Structure formats: C-alpha cells, structure tokens
>>> print(open('run-v7.csv').read())   # CSV, C-alpha atoms
chain,number,residue,atom,x,y,z
A,181,MET,CA,127.1,80.4,64.6
A,182,ASN,CA,128.8,78.8,61.6
A,183,LEU,CA,130.3,80.7,58.7
A,184,ARG,CA,127.3,80.0,56.4
A,185,THR,CA,124.8,81.2,59.0
A,186,LEU,CA,126.9,84.3,59.8
A,187,THR,CA,127.1,85.1,56.0
A,188,LEU,CA,123.3,84.7,55.6
A,189,PHE,CA,122.7,86.9,58.7
A,190,LEU,CA,125.0,89.6,57.4
A,191,SER,CA,123.3,89.5,54.0
A,192,LEU,CA,119.9,89.9,55.6
A,193,LEU,CA,121.2,92.7,57.8
A,194,LEU,CA,122.6,94.5,54.7
A,195,ALA,CA,119.3,94.0,52.8
A,196,LEU,CA,117.3,95.4,55.7
A,197,SER,CA,119.6,98.4,56.1
A,198,ALA,CA,119.3,99.1,52.4
A,199,LEU,CA,115.5,98.8,52.6
A,200,ILE,CA,115.4,101.2,55.6
A,201,SER,CA,117.7,103.6,53.8
A,202,PHE,CA,115.6,103.5,50.6
A,203,SER,CA,112.4,104.1,52.6
A,204,ILE,CA,113.9,107.0,54.4
A,205,SER,CA,115.2,108.6,51.2
A,206,ASN,CA,111.9,108.1,49.5
A,207,ALA,CA,110.0,109.6,52.5
A,208,ASN,CA,112.2,112.6,52.2
A,209,ALA,CA,112.2,112.8,48.4
A,210,VAL,CA,111.0,115.9,46.7
A,211,GLU,CA,108.0,115.3,44.5
A,212,LEU,CA,107.8,117.8,41.7
A,213,GLY,CA,104.6,119.3,40.3
A,214,ILE,CA,104.6,116.8,37.4
A,215,ASP,CA,105.0,113.9,39.9
A,216,VAL,CA,102.0,115.2,41.9
A,217,LEU,CA,99.9,115.8,38.8
A,218,GLN,CA,100.6,112.2,37.7
A,219,LYS,CA,99.7,110.9,41.1
A,220,ASN,CA,96.4,112.7,40.8
A,221,ASN,CA,95.8,110.9,37.5
A,222,PHE,CA,96.2,114.2,35.5
A,223,ASP,CA,92.9,115.4,36.9
A,224,LEU,CA,93.4,119.0,35.8
A,225,LEU,CA,94.0,118.1,32.2
A,226,ARG,CA,91.4,115.4,31.6
A,227,GLY,CA,89.2,115.9,28.5
A,228,LYS,CA,91.2,119.1,27.5
A,229,ARG,CA,93.5,119.9,24.7
A,230,VAL,CA,96.8,120.6,26.3
A,231,GLY,CA,99.7,122.9,25.4
A,232,LEU,CA,103.0,122.6,27.3
A,233,VAL,CA,105.7,125.3,27.8
A,234,THR,CA,108.9,123.3,28.4
A,235,ASN,CA,112.5,122.5,27.6
A,236,GLN,CA,115.1,119.8,28.6
A,237,THR,CA,114.5,120.7,32.3
A,238,GLY,CA,110.9,119.6,32.1
A,239,VAL,CA,111.4,116.2,33.7
A,240,ASN,CA,109.8,114.3,36.6
A,241,SER,CA,111.8,113.3,39.7
A,242,THR,CA,113.2,110.2,38.0
A,243,GLY,CA,114.2,112.1,34.8
A,244,VAL,CA,111.4,111.2,32.5
A,245,LYS,CA,110.5,114.1,30.2
A,246,THR,CA,107.2,115.8,31.0
A,247,ARG,CA,106.3,116.1,27.4
A,248,LEU,CA,106.6,112.3,27.0
A,249,ILE,CA,104.5,111.7,30.1
A,250,LEU,CA,101.7,114.1,29.0
A,251,LYS,CA,101.8,112.8,25.4
A,252,LYS,CA,101.1,109.3,26.8
A,253,HIS,CA,98.4,110.2,29.3
A,254,VAL,CA,96.5,113.3,28.1
A,255,ASN,CA,95.7,115.1,24.8
A,256,LEU,CA,98.9,117.0,24.4
A,257,VAL,CA,98.7,118.9,21.1
A,258,ALA,CA,101.5,121.6,21.1
A,259,LEU,CA,104.7,122.6,22.7
A,260,TYR,CA,106.1,126.1,23.4
A,261,THR,CA,109.8,126.8,24.0
A,262,PRO,CA,111.8,129.6,25.8
A,263,GLU,CA,115.2,131.2,25.3
A,264,HIS,CA,117.9,128.5,24.6
A,265,GLY,CA,115.3,126.3,22.8
A,266,LEU,CA,113.6,123.0,23.5
A,267,ASP,CA,117.0,121.3,24.2
A,268,GLY,CA,118.6,124.2,26.0
A,269,THR,CA,121.6,124.4,23.7
A,270,GLU,CA,121.1,127.7,22.0
A,271,LYS,CA,123.3,130.6,23.2
A,272,ALA,CA,121.9,133.4,25.3
A,273,GLY,CA,120.1,136.1,23.3
A,274,VAL,CA,120.0,134.1,20.1
A,275,GLU,CA,116.5,133.8,18.6
A,276,VAL,CA,115.0,130.3,18.5
A,277,ARG,CA,113.0,129.0,15.6
A,278,SER,CA,109.8,127.1,15.8
A,279,ARG,CA,110.2,123.4,14.8
A,280,ARG,CA,108.7,120.0,15.1
A,281,ASP,CA,109.8,118.0,18.2
A,282,SER,CA,111.3,114.7,17.1
A,283,LEU,CA,110.3,112.9,20.4
A,284,THR,CA,106.6,113.7,20.3
A,285,GLY,CA,106.0,114.7,16.7
A,286,LEU,CA,104.3,117.9,18.0
A,287,PRO,CA,104.9,121.5,16.8
A,288,ALA,CA,107.2,123.3,19.2
A,289,TYR,CA,106.4,127.0,18.9
A,290,SER,CA,109.2,129.4,19.8
A,291,LEU,CA,108.6,132.0,22.5
A,292,TYR,CA,112.0,133.5,21.9
A,293,GLY,CA,111.8,134.4,18.2
A,294,ASP,CA,109.3,136.7,16.5
A,295,THR,CA,107.3,136.8,19.7
A,296,ARG,CA,107.9,136.5,23.4
A,297,LYS,CA,104.2,135.9,24.1
A,298,PRO,CA,102.0,133.1,22.7
A,299,THR,CA,100.0,134.5,19.9
A,300,PRO,CA,96.2,133.8,19.5
A,301,GLN,CA,97.1,131.5,16.6
A,302,MET,CA,99.6,129.5,18.7
A,303,LEU,CA,96.9,129.0,21.4
A,304,ALA,CA,93.9,128.5,19.2
A,305,GLY,CA,94.0,124.7,19.4
A,306,ILE,CA,94.4,124.3,23.1
A,307,ASP,CA,92.2,124.7,26.2
A,308,VAL,CA,94.9,124.7,28.9
A,309,LEU,CA,98.5,125.8,28.8
A,310,VAL,CA,100.9,124.0,31.2
A,311,TYR,CA,104.2,125.4,32.3
A,312,ASP,CA,107.0,123.1,33.4
A,313,MET,CA,110.6,124.4,33.3
A,314,GLN,CA,113.3,124.8,35.9
A,315,ASP,CA,114.1,128.4,37.0
A,316,ILE,CA,117.2,129.5,38.8
A,317,GLY,CA,115.8,132.0,41.3
A,318,CYS,CA,117.2,135.2,39.8
A,319,ARG,CA,115.0,138.1,38.3
A,320,SER,CA,117.0,138.4,35.1
A,321,TYR,CA,116.8,134.8,34.1
A,322,THR,CA,114.2,134.8,31.3
A,323,TYR,CA,112.3,131.6,32.0
A,324,ILE,CA,110.1,133.5,34.5
A,325,SER,CA,109.6,136.2,32.0
A,326,THR,CA,108.3,133.5,29.6
A,327,MET,CA,106.0,132.4,32.4
A,328,GLY,CA,104.7,135.9,32.8
A,329,LYS,CA,104.0,136.3,29.1
A,330,CYS,CA,102.2,133.0,29.0
A,331,LEU,CA,100.1,134.1,32.0
A,332,GLN,CA,99.2,137.3,30.2
A,333,ALA,CA,98.3,135.5,27.0
A,334,CYS,CA,96.1,133.0,28.8
A,335,ALA,CA,94.2,135.8,30.5
A,336,GLU,CA,93.7,137.7,27.2
A,337,GLN,CA,92.6,134.6,25.3
A,338,GLY,CA,90.5,132.8,27.9
A,339,LYS,CA,92.8,129.8,28.3
A,340,GLU,CA,93.5,128.0,31.6
A,341,PHE,CA,97.1,128.2,32.9
A,342,VAL,CA,98.6,125.5,35.0
A,343,VAL,CA,102.1,125.8,36.6
A,344,LEU,CA,103.8,122.6,37.6
A,345,ASP,CA,105.9,123.8,40.5
A,346,ARG,CA,109.7,123.2,41.0
A,347,PRO,CA,112.2,124.1,43.6
A,348,ASN,CA,114.0,127.4,43.7
A,349,PRO,CA,117.6,126.2,43.5
A,350,LEU,CA,118.7,129.0,45.9
A,351,GLY,CA,116.1,128.0,48.5
A,352,GLY,CA,113.0,129.9,49.5
A,353,ASN,CA,114.4,132.1,52.2
A,354,ARG,CA,116.8,134.3,50.1
A,355,VAL,CA,115.4,137.8,49.4
A,356,GLU,CA,118.4,139.8,48.3
A,357,GLY,CA,119.7,142.4,45.9
A,358,GLN,CA,118.3,145.5,44.3
A,359,GLY,CA,114.8,146.2,43.1
A,360,ILE,CA,113.8,147.4,39.6
A,361,GLU,CA,112.5,150.8,38.5
A,362,PRO,CA,109.3,150.7,36.4
A,363,LYS,CA,111.0,152.2,33.3
A,364,TRP,CA,113.5,149.3,33.3
A,365,ILE,CA,110.9,146.5,33.2
A,366,SER,CA,111.8,144.3,30.3
A,367,PHE,CA,112.2,140.7,29.3
A,368,VAL,CA,115.3,140.4,31.5
A,369,GLY,CA,113.4,142.0,34.4
A,370,GLN,CA,109.7,141.3,34.0
A,371,PHE,CA,108.5,141.7,37.5
A,372,PRO,CA,108.9,144.3,40.3
A,373,ILE,CA,110.8,141.9,42.6
A,374,PRO,CA,114.3,141.8,44.1
A,375,TYR,CA,117.1,140.4,42.1
A,376,VAL,CA,117.0,137.3,44.3
A,377,HIS,CA,113.3,136.7,45.0
A,378,GLY,CA,113.2,133.5,47.0
A,379,LEU,CA,110.0,132.3,45.3
A,380,THR,CA,109.2,129.1,43.3
A,381,VAL,CA,107.9,129.8,39.9
A,382,GLY,CA,104.4,128.7,41.1
A,383,GLU,CA,104.5,131.3,43.9
A,384,LEU,CA,105.7,134.0,41.5
A,385,ALA,CA,102.8,133.1,39.2
A,386,LEU,CA,100.4,133.5,42.1
A,387,ILE,CA,101.6,136.9,43.2
A,388,ALA,CA,101.9,138.2,39.6
A,389,ASN,CA,98.4,137.1,38.8
A,390,SER,CA,96.9,138.4,42.0
A,391,LYS,CA,98.6,141.8,41.7
A,392,GLY,CA,97.9,142.2,38.0
A,393,TRP,CA,101.6,142.6,37.1
A,394,MET,CA,100.9,141.2,33.7
A,395,GLY,CA,97.4,142.7,33.3
A,396,PRO,CA,94.0,141.0,33.8
A,397,LYS,CA,93.9,137.9,35.9
A,398,ALA,CA,94.2,134.5,34.3
A,399,ASN,CA,92.5,131.3,35.4
A,400,LEU,CA,95.6,130.0,37.1
A,401,GLN,CA,96.3,126.8,39.1
A,402,VAL,CA,99.6,125.8,40.6
A,403,VAL,CA,100.4,122.1,41.3
A,404,LYS,CA,102.4,122.1,44.5
A,405,MET,CA,105.4,120.0,45.2
A,406,HIS,CA,105.5,117.5,48.0
A,407,GLY,CA,108.5,117.3,50.3
A,408,TRP,CA,110.2,120.6,49.5
A,409,ASN,CA,110.6,123.3,52.2
A,410,ARG,CA,112.0,126.9,52.0
A,411,SER,CA,115.3,126.0,53.7
A,412,MET,CA,116.2,123.5,50.9
A,413,THR,CA,118.8,124.6,48.3
A,414,TRP,CA,119.1,122.3,45.2
A,415,PRO,CA,121.9,120.1,46.7
A,416,MET,CA,119.5,119.3,49.5
A,417,THR,CA,116.7,118.1,47.3
A,418,GLY,CA,118.3,114.9,46.1
A,419,LEU,CA,117.1,115.7,42.6
A,420,HIS,CA,119.3,115.4,39.5
A,421,TRP,CA,120.4,118.7,38.1
A,422,VAL,CA,119.5,119.3,34.4
A,423,PRO,CA,121.4,122.4,33.1
A,424,PRO,CA,118.7,124.9,32.2
A,425,SER,CA,121.1,126.6,29.7
A,426,PRO,CA,124.7,126.2,28.5
A,427,ASN,CA,126.2,128.4,31.2
A,428,ILE,CA,124.3,127.0,34.2
A,429,PRO,CA,126.1,123.7,34.1
A,430,ASN,CA,125.7,122.5,37.7
A,431,GLU,CA,123.6,122.9,40.8
A,432,MET,CA,125.8,125.7,42.2
A,433,SER,CA,125.7,127.7,39.0
A,434,PRO,CA,122.6,129.7,40.0
A,435,SER,CA,124.6,131.2,42.9
A,436,TYR,CA,127.4,132.2,40.7
A,437,TYR,CA,125.1,133.7,38.1
A,438,VAL,CA,123.7,136.0,40.8
A,439,ILE,CA,127.2,137.1,41.9
A,440,THR,CA,128.9,137.8,38.5
A,441,GLY,CA,126.1,137.9,36.0
A,442,VAL,CA,125.3,141.6,36.3
A,443,VAL,CA,128.9,142.8,35.8
A,444,GLY,CA,129.3,140.4,32.9
A,445,GLU,CA,126.6,142.3,31.0
A,446,LEU,CA,128.9,145.3,31.0
A,447,ALA,CA,132.5,144.2,30.4
A,448,GLY,CA,133.3,142.7,27.1
A,449,GLY,CA,136.9,141.7,28.0
A,450,LEU,CA,135.9,140.1,31.3
A,451,ASP,CA,136.5,136.4,31.5
A,452,GLN,CA,133.6,134.6,33.3
A,453,GLY,CA,134.6,131.1,32.4
A,454,LEU,CA,131.6,130.7,30.1
A,455,PHE,CA,131.0,127.4,28.4
A,456,SER,CA,133.0,125.6,31.1
A,457,PRO,CA,132.1,123.9,34.4
A,458,LYS,CA,133.1,127.1,36.1
A,459,ALA,CA,130.8,129.4,34.1
A,460,PHE,CA,130.0,132.5,36.2
A,461,GLN,CA,132.1,131.2,39.0
A,462,VAL,CA,135.3,133.0,37.9
A,463,LEU,CA,136.1,136.6,36.9
A,464,GLY,CA,139.3,137.4,35.1
A,465,ALA,CA,140.9,140.5,33.5
A,466,PRO,CA,144.3,142.0,33.2
A,467,TRP,CA,143.4,144.7,35.8
A,468,VAL,CA,142.4,142.3,38.6
A,469,LYS,CA,144.8,142.8,41.5
A,470,PRO,CA,145.4,140.9,44.8
A,471,GLN,CA,143.7,143.9,46.6
A,472,MET,CA,140.4,143.0,44.8
A,473,VAL,CA,140.6,139.4,46.1
A,474,SER,CA,141.3,140.6,49.6
A,475,SER,CA,138.5,143.2,49.6
A,476,LEU,CA,135.9,140.7,48.3
A,477,ARG,CA,137.0,138.1,50.8
A,478,ALA,CA,136.5,140.5,53.6
A,479,LYS,CA,133.0,141.6,52.4
A,480,CYS,CA,131.4,138.4,51.1
A,481,GLU,CA,130.5,136.7,54.3
A,482,ASP,CA,130.1,132.9,54.0
A,483,ILE,CA,131.3,133.0,50.4
A,484,LYS,CA,134.8,131.9,49.8
A,485,VAL,CA,136.8,134.1,47.4
A,486,GLU,CA,140.2,133.0,46.1
A,487,PRO,CA,142.7,134.1,43.5
A,488,THR,CA,142.9,132.2,40.2
A,489,MET,CA,144.2,132.5,36.7
A,490,THR,CA,141.9,132.7,33.7
A,491,ALA,CA,142.4,133.0,29.9
A,492,SER,CA,142.1,136.8,30.3
A,493,GLY,CA,144.7,137.0,33.1
A,494,PRO,CA,144.5,137.1,36.9
A,495,GLY,CA,141.1,136.7,38.4
A,496,VAL,CA,138.9,135.5,41.3
A,497,ILE,CA,137.0,132.3,41.9
A,498,TYR,CA,134.0,132.1,44.2
A,499,HIS,CA,132.9,129.1,46.3
A,500,ALA,CA,129.3,129.6,47.6
A,501,ASN,CA,127.9,127.7,50.5
A,502,PRO,CA,125.8,124.7,49.2
A,503,SER,CA,123.5,125.1,52.2
A,504,GLY,CA,122.7,128.7,51.3
A,505,GLY,CA,124.8,131.0,53.5
A,506,GLY,CA,125.9,134.4,52.7
A,507,ASP,CA,124.2,137.3,50.8
A,508,LEU,CA,124.5,136.7,47.0
A,509,GLY,CA,122.9,140.0,46.1
A,510,ALA,CA,125.3,141.9,48.2
A,511,ALA,CA,128.2,139.9,46.8
A,512,ALA,CA,127.1,140.9,43.3
A,513,LEU,CA,127.2,144.6,44.2
A,514,TYR,CA,130.6,144.3,45.9
A,515,THR,CA,131.9,142.5,42.8
A,516,LEU,CA,130.5,145.2,40.6
A,517,ALA,CA,132.1,147.9,42.8
A,518,GLU,CA,135.5,146.2,42.8
A,519,CYS,CA,135.5,145.7,39.1
A,520,ASN,CA,134.6,149.4,38.6
A,521,ARG,CA,137.4,150.5,41.0
A,522,GLU,CA,140.1,148.2,39.6
A,523,SER,CA,139.3,149.0,36.0
A,524,HIS,CA,139.2,152.7,36.8
A,525,GLY,CA,135.7,152.9,35.5
A,526,MET,CA,136.4,151.2,32.2
A,527,ILE,CA,133.7,148.6,32.7
A,528,PHE,CA,131.3,151.5,32.1
A,529,THR,CA,133.2,153.8,29.8
A,530,LYS,CA,134.2,151.1,27.4
A,531,ALA,CA,130.8,149.5,27.3
A,532,SER,CA,128.8,149.9,24.1
A,533,LYS,CA,125.5,151.6,24.2
A,534,SER,CA,123.7,148.3,23.7
A,535,LYS,CA,125.7,146.7,26.5
A,536,LEU,CA,125.0,149.5,28.8
A,537,ASP,CA,121.3,149.4,28.0
A,538,LEU,CA,121.2,145.6,28.7
A,539,PHE,CA,123.1,146.1,32.0
A,540,GLN,CA,120.6,148.8,33.1
A,541,LYS,CA,117.7,146.5,32.3
A,542,VAL,CA,119.3,143.6,34.2
A,543,TYR,CA,120.3,145.7,37.2
A,544,GLY,CA,117.0,147.5,37.2
A,545,SER,CA,118.3,151.1,37.3
A,546,ASP,CA,120.6,153.6,35.6
A,547,THR,CA,121.7,155.2,38.9
A,548,ILE,CA,124.4,152.7,40.0
A,549,ARG,CA,127.3,154.3,38.2
A,550,ARG,CA,126.6,157.6,40.0
A,551,GLU,CA,126.1,155.8,43.3
A,552,LEU,CA,129.4,154.0,43.1
A,553,ALA,CA,131.1,157.4,42.7
A,554,THR,CA,129.5,158.9,45.8
A,555,LYS,CA,128.7,156.0,48.2
A,556,ARG,CA,130.5,153.1,49.7
A,557,PRO,CA,129.2,149.7,48.5
A,558,GLU,CA,128.0,148.9,52.0
A,559,GLN,CA,125.8,152.0,51.9
A,560,ILE,CA,124.2,150.9,48.6
A,561,VAL,CA,123.5,147.5,50.0
A,562,ALA,CA,122.0,149.0,53.1
A,563,SER,CA,119.7,151.3,51.0
A,564,TRP,CA,118.0,148.2,49.6
A,565,GLN,CA,116.8,146.9,52.9
A,566,PRO,CA,113.5,148.8,53.2
A,567,PHE,CA,112.4,147.5,49.8
A,568,LEU,CA,113.5,143.9,50.7
A,569,SER,CA,111.6,144.1,54.0
A,570,ARG,CA,108.4,145.2,52.2
A,571,PHE,CA,108.8,142.5,49.7
A,572,ARG,CA,109.2,139.8,52.3
A,573,SER,CA,105.8,140.9,53.8
A,574,GLU,CA,104.2,141.4,50.4
A,575,ARG,CA,105.0,137.8,49.3
A,576,GLN,CA,103.9,136.2,52.5
A,577,PRO,CA,100.3,135.4,51.5
A,578,TYR,CA,101.4,133.7,48.3
A,579,LEU,CA,104.0,131.3,49.9
A,580,LEU,CA,103.0,127.7,49.3
A,581,TYR,CA,105.7,126.0,51.4
>>> encode(input="run-v7.csv", output="structure tokens")
Amino acid sequence: MNLRTLTLFLSLLLALSALISFSISNANAVELGIDVLQKNNFDLLRGKRVGLVTNQTGVNSTGVKTRLILKKHVNLVALYTPEHGLDGTEKAGVEVRSRRDSLTGLPAYSLYGDTRKPTPQMLAGIDVLVYDMQDIGCRSYTYISTMGKCLQACAEQGKEFVVLDRPNPLGGNRVEGQGIEPKWISFVGQFPIPYVHGLTVGELALIANSKGWMGPKANLQVVKMHGWNRSMTWPMTGLHWVPPSPNIPNEMSPSYYVITGVVGELAGGLDQGLFSPKAFQVLGAPWVKPQMVSSLRAKCEDIKVEPTMTASGPGVIYHANPSGGGDLGAAALYTLAECNRESHGMIFTKASKSKLDLFQKVYGSDTIRRELATKRPEQIVASWQPFLSRFRSERQPYLLY
C-alpha cells in the first residue's frame, strides 16, 4: 500500500468513525419538549392563538429560541415572563416590568410585577398558553411557582395549558429535604413537595393539576421529552446550559443552590460567591472555623467539602458529584446547623424580620431554630424520611420517564 493509498484509507476511516460517533450521539441525544412539538408539526397549536411563558432558557436542543420558532410556525400573539425577566438578567426579588420583545415584536407581560398570575386581560387574546422554561429542581426556585399560577389562571379562564417538558438538572431520582407546612405556602414554596422533588416541570404540572393544588383542574397537556431518563443529571444530557438566572451560572449550580440557598436567606453577612462562577458553591464568614469544614466533610457523603477564602473571610467550598451522588437536602440541613453553631446563633438573632420571614417560607416551617437547639442534625434529617417515602409513592402515577 503506497503513501497516497494509505492516506486515503486513513481519511475514510476517520470519516466513518466521525459518522458513527455522530450517529451514536444523536441516537442518545435528549429531545426537549419543543423539539418534539416541532417534530409533530406543532399539532397542539394549529389554528389557535398562542401565548408563551418563557425566558432566555426557552430554547430547543440546538439553542434556537422557542419564541422565534413559534413565531415562525404558529400564531404566537403574546409572551409572559417570570422573575429575572425575559433575558434572565434581573436580580432576585426585583419586580420586572412588562415590555415589548425586540426579537418578536410581541408584548411580554410580566408575571413578576404587579401580578404573579396572568390576569384575564393578559389572556383575553389567546386560546392556549404554552410554558417553556428551565427549572432547577428545587421547591423554592420560583419558575415552578409561575407554572402553578399559569395553571391556575388557565383553569379559571377556560384556556388550554401546554407544558413543553425539560430535564430536571438534578436528575429524576432525588427526593430529598424537608417538606412545607400549609401556612408557609407562598411564591417561594408553592407546592406541598419536598425541597428537592425529583420531578420535571411537566410531571409537577400533572400532579398539581390532578390533586387540585392550584384549585380547579385545567385543560393540561404535557409534551414529553425523548431520550431523557431519571438517572440523568444535566451534565449527562449533552445539552448546552443556559443560566436560568444570574446566580445559577453553570450546570452544577442547581446542586449548590440546594445546599447553601436556605441559609443564605438568613445571614446578611454570609458570602455565597454571588454573581461569580462559584455562586452558591462557597460560604464565607469571619466565624467559619476549620471544625466546620471537618464536620461537614464527615457528614456530607459523596459531596466534597474543602476550606477556602472568600471576600468575607474563611469559608467552605462544595464540590457536588456531577453524576448525582450524595444527599443535597441533608447537606443543606447540615450546613444550616453548622452555620448556626459557629455563629453562636447569630444567623437567626441578627436576621431582620423580613429575612426571617423569607427564610421560613423557603424552608417551609418556623420550627427549625427550636429543633436545632434540642436535636442533632442527623435526627432532623431522619425525621423527614416518612414524608419523603410517602411522596415517592404519591408521585409514582405521574412520572413520565
């Protein structure tokens, strides 16, 4: 075999290898709800006036914005936007104004301003409301609350509601953390589910609608994904991560939000690395001691905990398992307990009334401070297990994958 023939043979071999690799990767690729809707020629939306609840995360598997796809193929007439706005750049808790979308020319009604629920006037010009945004798998993240309010509004106003499903970045098997008491139901805890619920937003819509958590049942349809399974965390999907909000910058951020987000609602002086690539991954304060690192390292199984330095002083940095190991809900409780111990209770005593109220809404109860004074953290975690077991059984009929 001469050099020219050998070169040609190797080139063909490389091309064949690339083709096989491309075919395998596409065979295993996750098709999002918007991809499946498009494959089905937008059958659910044909001949209807369409509204779309979306933001910058509403994209198909190749990164094309859902609102541009629907504007081209169906009669899309209005947009609706959550906390952080249409572009996901507004800070947490800051009200968002309604505006006109420069990409589509459509009105973008804010669902995080004067109202959290679409008003009759907002929905008057549509027949069907479509929801396509990326959730992070944690009860207190408000995009699922927006979904719940939209479900409620559609039921009340006789509009169809369609959820284009997306992966739970934490995977579908995690059911962790504390429940929520009825009196603490709020926009940062809209549903009676564990802090880490292990549902896709489509599955959550199904169970909420069936059980009447938002009131009368809506005419709901969920467009399932293809190629996703419950063992898949986001790094395993092969999909590009679009940050849902300023402090969820990368595909591991949802894990860190679960671990440190709750205590961050309390402590004003606690450095969480916000607005950096390590947002929620670090905790720093002058009172953080080596003992805190050692204690967390011993308790947080399959979650690496290391000392670090932050702008506020010594701290800890977490490294969660991309494949989904460990118990994030338990790690959050252990973190809260250690912060309470190391600060000598200051995270509670120095918290303003509004901070304490928000913490209790996010946590789902006002009992934890008393529990930390009388019980070991491991006992508190163990006390959640009957509820978590019941929820695993309760959610079973609504699992789509």
>>> residues_around(input="run-v7.csv", residues="Leu225 of chain A", least_positions_apart="2", cutoff="10 Å", atoms="only C-alpha atoms", output="list in words")
Leu217, Asn221, Phe222, Asp223, Gly227, Lys228, Arg229, Val230, Leu250, His253, Val254, Asn255, Leu256, Asp307, Val308, Leu309, Val310, Glu340 and Val342 of chain A
>>> atom_distance(input="run-v7.csv", atom1="atom CA of Asp281 of chain A", atom2="atom CA of Ala258 of chain A")
9.5 Å
>>> atom_distance(input="run-v7.csv", atom1="atom CA of Pro429 of chain A", atom2="atom CA of Gly369 of chain A")
22.3 Å
>>> atom_distance(input="run-v7.csv", atom1="atom CA of Glu361 of chain A", atom2="atom CA of Thr547 of chain A")
10.2 Å
>>> residues_around(input="run-v7.csv", residues="Gly506 of chain A", least_positions_apart="3", cutoff="9 Å", atoms="all atoms listed in the file", output="mmCIF file with C-alpha atoms, in the frame of the given file")
data_model
loop_
_atom_site.group_PDB
_atom_site.id
_atom_site.type_symbol
_atom_site.label_atom_id
_atom_site.label_comp_id
_atom_site.auth_asym_id
_atom_site.auth_seq_id
_atom_site.Cartn_x
_atom_site.Cartn_y
_atom_site.Cartn_z
ATOM 1 C CA CYS A 480 131.400 138.400 51.100
ATOM 2 C CA GLU A 481 130.500 136.700 54.300
ATOM 3 C CA ASP A 482 130.100 132.900 54.000
ATOM 4 C CA ILE A 483 131.300 133.000 50.400
ATOM 5 C CA ALA A 500 129.300 129.600 47.600
ATOM 6 C CA ASN A 501 127.900 127.700 50.500
ATOM 7 C CA ALA A 510 125.300 141.900 48.200
ATOM 8 C CA ALA A 511 128.200 139.900 46.800
#
>>> closest_residue(input="run-v7.csv", among="A:Ser492, A:Thr234, A:Ser433, A:Ser390", to="Asp267 of chain A", atoms="only C-alpha atoms")
A:Thr234
>>> closest_atom_pairs(input="run-v7.csv", of="segment 513-537 of chain A", to="segment 468-478 of chain A", cutoff="12 Å", atoms="only C-alpha atoms", output="CSV")
residue,atom,partner,partner_atom,distance
A:Leu513,CA,A:Leu476,CA,10.4
A:Tyr514,CA,A:Leu476,CA,6.8
A:Thr515,CA,A:Leu476,CA,7.0
A:Leu516,CA,A:Leu476,CA,10.4
A:Ala517,CA,A:Leu476,CA,9.8
A:Glu518,CA,A:Met472,CA,6.2
A:Cys519,CA,A:Val468,CA,7.7
A:Asn520,CA,A:Val468,CA,10.5
A:Arg521,CA,A:Met472,CA,8.9
A:Glu522,CA,A:Val468,CA,6.4
A:Ser523,CA,A:Val468,CA,7.8
A:His524,CA,A:Val468,CA,11.0
>>> residues_around(input="run-v7.csv", residues="Glu263 of chain A", least_positions_apart="2", cutoff="12 Å", atoms="only C-alpha atoms", output="MDAnalysis selection string")
chainID A and resid 233:236 260:261 265:278 289:296 313 321:327 367:368 424:426
>>> residues_around(input="run-v7.csv", residues="Pro487 of chain A", least_positions_apart="3", cutoff="7 Å", atoms="all atoms listed in the file", output="list of chain:residue names")
A:Val473, A:Gly495, A:Val496, A:Ile497
>>> residues_around(input="run-v7.csv", residues="Val244 of chain A", least_positions_apart="6", cutoff="12 Å", atoms="all atoms listed in the file", output="number ranges by chain")
A: 212, 214-215, 236-238, 250, 252, 420, 422
>>> closest_residue(input="run-v7.csv", among="A:Arg226, A:Lys245, A:Lys363, A:Lys484", to="Val542 of chain A", atoms="all atoms listed in the file")
A:Lys363
